[in-house]
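Report on one structure; see the data block that follows.
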Amino acid sequence: MRKYFLLSVVGLLATTSANADTTVGTVPVNAVIKNSTQVSCTKMNFGEIYIPVNNAEGSVTLAPDTNMMSAFFDSRTYEGGIHAVGGTPRSAKCDVYSALTFDDGSSTPNNVALPTIATLSNSAGTNSLLLGNFTIDMYNDTDTAVDDKLSIGGTLMIPEKTPAGEYTGSFSVMVTVE
(Lines give C-alpha, C1' and ligand atoms only; values in the text may rest on other atoms or scores of the structure.)
Protein backbone atom coordinates (compact mmCIF):
# COMPACT_ATOMS: atom_id res chain seq x y z
CA MET A 1 0.00 0.00 0.00
CA ARG A 2 2.82 2.30 0.86
CA LYS A 3 4.31 1.47 -2.47
CA TYR A 4 1.18 2.61 -4.30
CA PHE A 5 0.98 5.74 -2.15
CA LEU A 6 4.59 6.71 -3.00
CA LEU A 7 3.99 6.06 -6.70
CA SER A 8 0.89 8.23 -6.56
CA VAL A 9 2.76 11.09 -4.87
CA VAL A 10 5.65 10.86 -7.37
CA GLY A 11 3.12 10.81 -10.22
CA LEU A 12 1.34 13.88 -8.88
CA LEU A 13 4.59 15.78 -8.46
CA ALA A 14 5.67 14.90 -11.97
CA THR A 15 2.42 16.09 -13.55
CA THR A 16 1.78 19.27 -11.59
CA SER A 17 3.24 22.52 -12.78
CA ALA A 18 4.48 25.36 -10.71
CA ASN A 19 1.90 27.94 -9.81
CA ALA A 20 2.54 31.08 -11.85
CA ASP A 21 0.64 34.30 -12.20
CA THR A 22 -0.64 34.99 -15.68
CA THR A 23 -1.32 38.50 -16.88
CA VAL A 24 -3.44 39.14 -19.94
CA GLY A 25 -3.21 42.40 -21.86
CA THR A 26 -5.19 43.81 -24.71
CA VAL A 27 -3.91 45.54 -27.82
CA PRO A 28 -6.13 48.22 -29.30
CA VAL A 29 -6.47 48.07 -33.09
CA ASN A 30 -7.78 50.81 -35.32
CA ALA A 31 -8.27 51.29 -39.06
CA VAL A 32 -9.78 54.19 -40.95
CA ILE A 33 -11.24 53.36 -44.34
CA LYS A 34 -11.73 56.20 -46.79
CA ASN A 35 -12.88 56.07 -50.37
CA SER A 36 -10.70 57.54 -53.07
CA THR A 37 -12.02 58.58 -56.42
CA GLN A 38 -10.95 58.40 -60.03
CA VAL A 39 -8.64 61.18 -61.15
CA SER A 40 -7.55 61.53 -64.77
CA CYS A 41 -4.73 64.00 -65.56
CA THR A 42 -2.95 65.32 -68.63
CA LYS A 43 0.84 65.62 -68.83
CA MET A 44 2.61 68.48 -67.07
CA ASN A 45 5.06 69.96 -69.59
CA PHE A 46 7.74 72.51 -68.69
CA GLY A 47 8.63 72.95 -72.37
CA GLU A 48 12.22 73.56 -73.42
CA ILE A 49 14.68 74.88 -70.83
CA TYR A 50 17.94 76.36 -72.09
CA ILE A 51 20.97 76.18 -69.80
CA PRO A 52 24.68 76.76 -70.47
CA VAL A 53 27.19 73.91 -70.23
CA ASN A 54 28.29 73.66 -66.57
CA ASN A 55 25.20 75.66 -65.57
CA ALA A 56 24.62 77.14 -62.13
CA GLU A 57 21.66 75.90 -60.10
CA GLY A 58 18.31 77.26 -61.25
CA SER A 59 14.57 76.64 -61.27
CA VAL A 60 11.55 76.96 -63.52
CA THR A 61 8.09 77.52 -62.03
CA LEU A 62 4.99 76.56 -63.99
CA ALA A 63 1.81 78.20 -62.72
CA PRO A 64 -1.49 76.32 -62.86
CA ASP A 65 -3.68 77.56 -65.70
CA THR A 66 -7.33 78.24 -64.98
CA ASN A 67 -8.21 79.56 -68.44
CA MET A 68 -8.83 76.46 -70.53
CA MET A 69 -9.94 78.54 -73.51
CA SER A 70 -6.54 80.21 -73.79
CA ALA A 71 -4.70 79.39 -77.01
CA PHE A 72 -1.46 80.45 -75.35
CA PHE A 73 0.84 78.45 -73.13
CA ASP A 74 0.73 78.53 -69.33
CA SER A 75 2.60 81.12 -67.29
CA ARG A 76 6.19 80.16 -66.48
CA THR A 77 9.02 81.95 -64.67
CA TYR A 78 12.67 81.02 -64.30
CA GLU A 79 15.67 82.05 -62.22
CA GLY A 80 19.27 81.13 -61.45
CA GLY A 81 21.31 79.33 -64.10
CA ILE A 82 18.54 79.26 -66.71
CA HIS A 83 19.21 81.21 -69.96
CA ALA A 84 15.78 80.96 -71.53
CA VAL A 85 12.64 78.87 -71.84
CA GLY A 86 10.74 77.88 -74.96
CA GLY A 87 8.25 75.39 -76.29
CA THR A 88 4.67 75.11 -75.11
CA PRO A 89 4.50 74.64 -71.34
CA ARG A 90 1.30 73.22 -69.88
CA SER A 91 0.26 72.62 -66.30
CA ALA A 92 -1.37 69.27 -65.55
CA LYS A 93 -5.15 69.30 -65.97
CA CYS A 94 -7.07 66.78 -63.86
CA ASP A 95 -10.67 65.65 -64.11
CA VAL A 96 -11.95 64.63 -60.66
CA TYR A 97 -14.95 62.29 -60.65
CA SER A 98 -16.08 63.33 -57.17
CA ALA A 99 -16.81 66.62 -55.47
CA LEU A 100 -13.88 68.42 -53.86
CA THR A 101 -14.21 69.85 -50.37
CA PHE A 102 -12.84 73.16 -49.07
CA ASP A 103 -12.14 74.71 -45.70
CA ASP A 104 -13.91 78.03 -45.17
CA GLY A 105 -12.28 80.75 -47.23
CA SER A 106 -9.75 78.46 -48.93
CA SER A 107 -9.36 78.15 -52.68
CA THR A 108 -7.36 74.91 -52.35
CA PRO A 109 -9.34 71.70 -51.87
CA ASN A 110 -8.59 69.96 -48.57
CA ASN A 111 -9.16 66.44 -49.86
CA VAL A 112 -6.44 66.50 -52.56
CA ALA A 113 -3.03 65.06 -51.68
CA LEU A 114 0.11 65.73 -53.73
CA PRO A 115 3.64 64.57 -52.96
CA THR A 116 6.20 66.91 -51.47
CA ILE A 117 8.74 66.07 -54.18
CA ALA A 118 8.65 64.14 -57.46
CA THR A 119 11.76 62.97 -59.35
CA LEU A 120 12.39 63.26 -63.08
CA SER A 121 15.23 61.20 -64.57
CA ASN A 122 17.06 61.31 -67.88
CA SER A 123 16.76 58.38 -70.29
CA ALA A 124 19.99 56.78 -69.02
CA GLY A 125 18.75 57.07 -65.43
CA THR A 126 22.04 58.68 -64.39
CA ASN A 127 20.79 62.20 -63.62
CA SER A 128 17.66 63.56 -62.02
CA LEU A 129 15.72 66.75 -61.41
CA LEU A 130 13.34 67.44 -58.53
CA LEU A 131 9.82 68.82 -58.92
CA GLY A 132 8.14 70.36 -55.87
CA ASN A 133 6.24 73.36 -54.49
CA PHE A 134 3.08 72.10 -56.16
CA THR A 135 0.20 74.55 -56.57
CA ILE A 136 -3.44 73.79 -57.36
CA ASP A 137 -6.15 75.90 -58.95
CA MET A 138 -9.71 75.03 -59.88
CA TYR A 139 -11.09 75.63 -63.34
CA ASN A 140 -14.39 75.12 -65.10
CA ASP A 141 -15.38 74.08 -68.57
CA THR A 142 -18.49 72.60 -70.12
CA ASP A 143 -17.83 68.93 -69.29
CA THR A 144 -20.80 67.93 -67.12
CA ALA A 145 -19.63 64.33 -66.64
CA VAL A 146 -16.82 65.54 -64.36
CA ASP A 147 -17.52 66.88 -60.86
CA ASP A 148 -14.47 69.13 -60.52
CA LYS A 149 -11.37 70.10 -62.45
CA LEU A 150 -7.89 70.88 -61.15
CA SER A 151 -4.90 72.54 -62.72
CA ILE A 152 -1.55 71.65 -61.08
CA GLY A 153 1.68 73.58 -61.37
CA GLY A 154 5.03 73.31 -59.60
CA THR A 155 8.69 74.26 -59.51
CA LEU A 156 11.35 72.24 -61.32
CA MET A 157 14.73 72.49 -59.59
CA ILE A 158 17.71 72.19 -61.93
CA PRO A 159 21.01 71.41 -60.17
CA GLU A 160 24.32 72.80 -61.32
CA LYS A 161 26.07 71.04 -64.18
CA THR A 162 22.91 69.29 -65.38
CA PRO A 163 23.51 67.36 -68.61
CA ALA A 164 21.25 68.12 -71.57
CA GLY A 165 18.53 65.58 -72.37
CA GLU A 166 14.90 64.74 -71.85
CA TYR A 167 13.87 64.18 -68.23
CA THR A 168 10.65 62.33 -67.41
CA GLY A 169 8.82 61.18 -64.30
CA SER A 170 5.40 61.12 -62.70
CA PHE A 171 3.63 61.79 -59.42
CA SER A 172 0.35 60.74 -57.84
CA VAL A 173 -2.71 62.88 -57.21
CA MET A 174 -5.06 61.42 -54.61
CA VAL A 175 -8.54 62.72 -53.87
CA THR A 176 -10.18 61.32 -50.74
CA VAL A 177 -13.95 61.13 -50.46
CA GLU A 178 -15.21 61.45 -46.89
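Each chain of the C-alpha coordinates is named A, B, ... in the order shown, its residues numbered from 1; ligands are numbered from 1 in display order.
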
field: Test item: residues at most 9 Å from A:Gly87, only C-alpha atoms, excluding those fewer than 6 positions along its chain, as JSON, numbers by chain
entry: {"A": [46, 47, 48, 49, 73]}

- request: Find the spatial neighbours of A:Ser170, counting only C-alpha atoms, within a cut-off of 12 Å - ignore same-chain residues fewer than 3 positions away - and output them as a list in words.
  value: Cys41, Thr42, Lys43, Met44, Asn45, Ala92, Leu114, Pro115, Ile117, Ala118, Thr119, Leu120, Ser121, Leu129, Leu130, Leu131, Gly132, Tyr167 and Val173 of chain A

query: What does the distance from atom CA of A:Val39 to atom CA of A:Val96 come to in Å, to one decimal?
result: 4.8 Å

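Atom to atom, atom CA of A:Ser40 and atom CA of A:Asn127 stand 28.4 Å apart.
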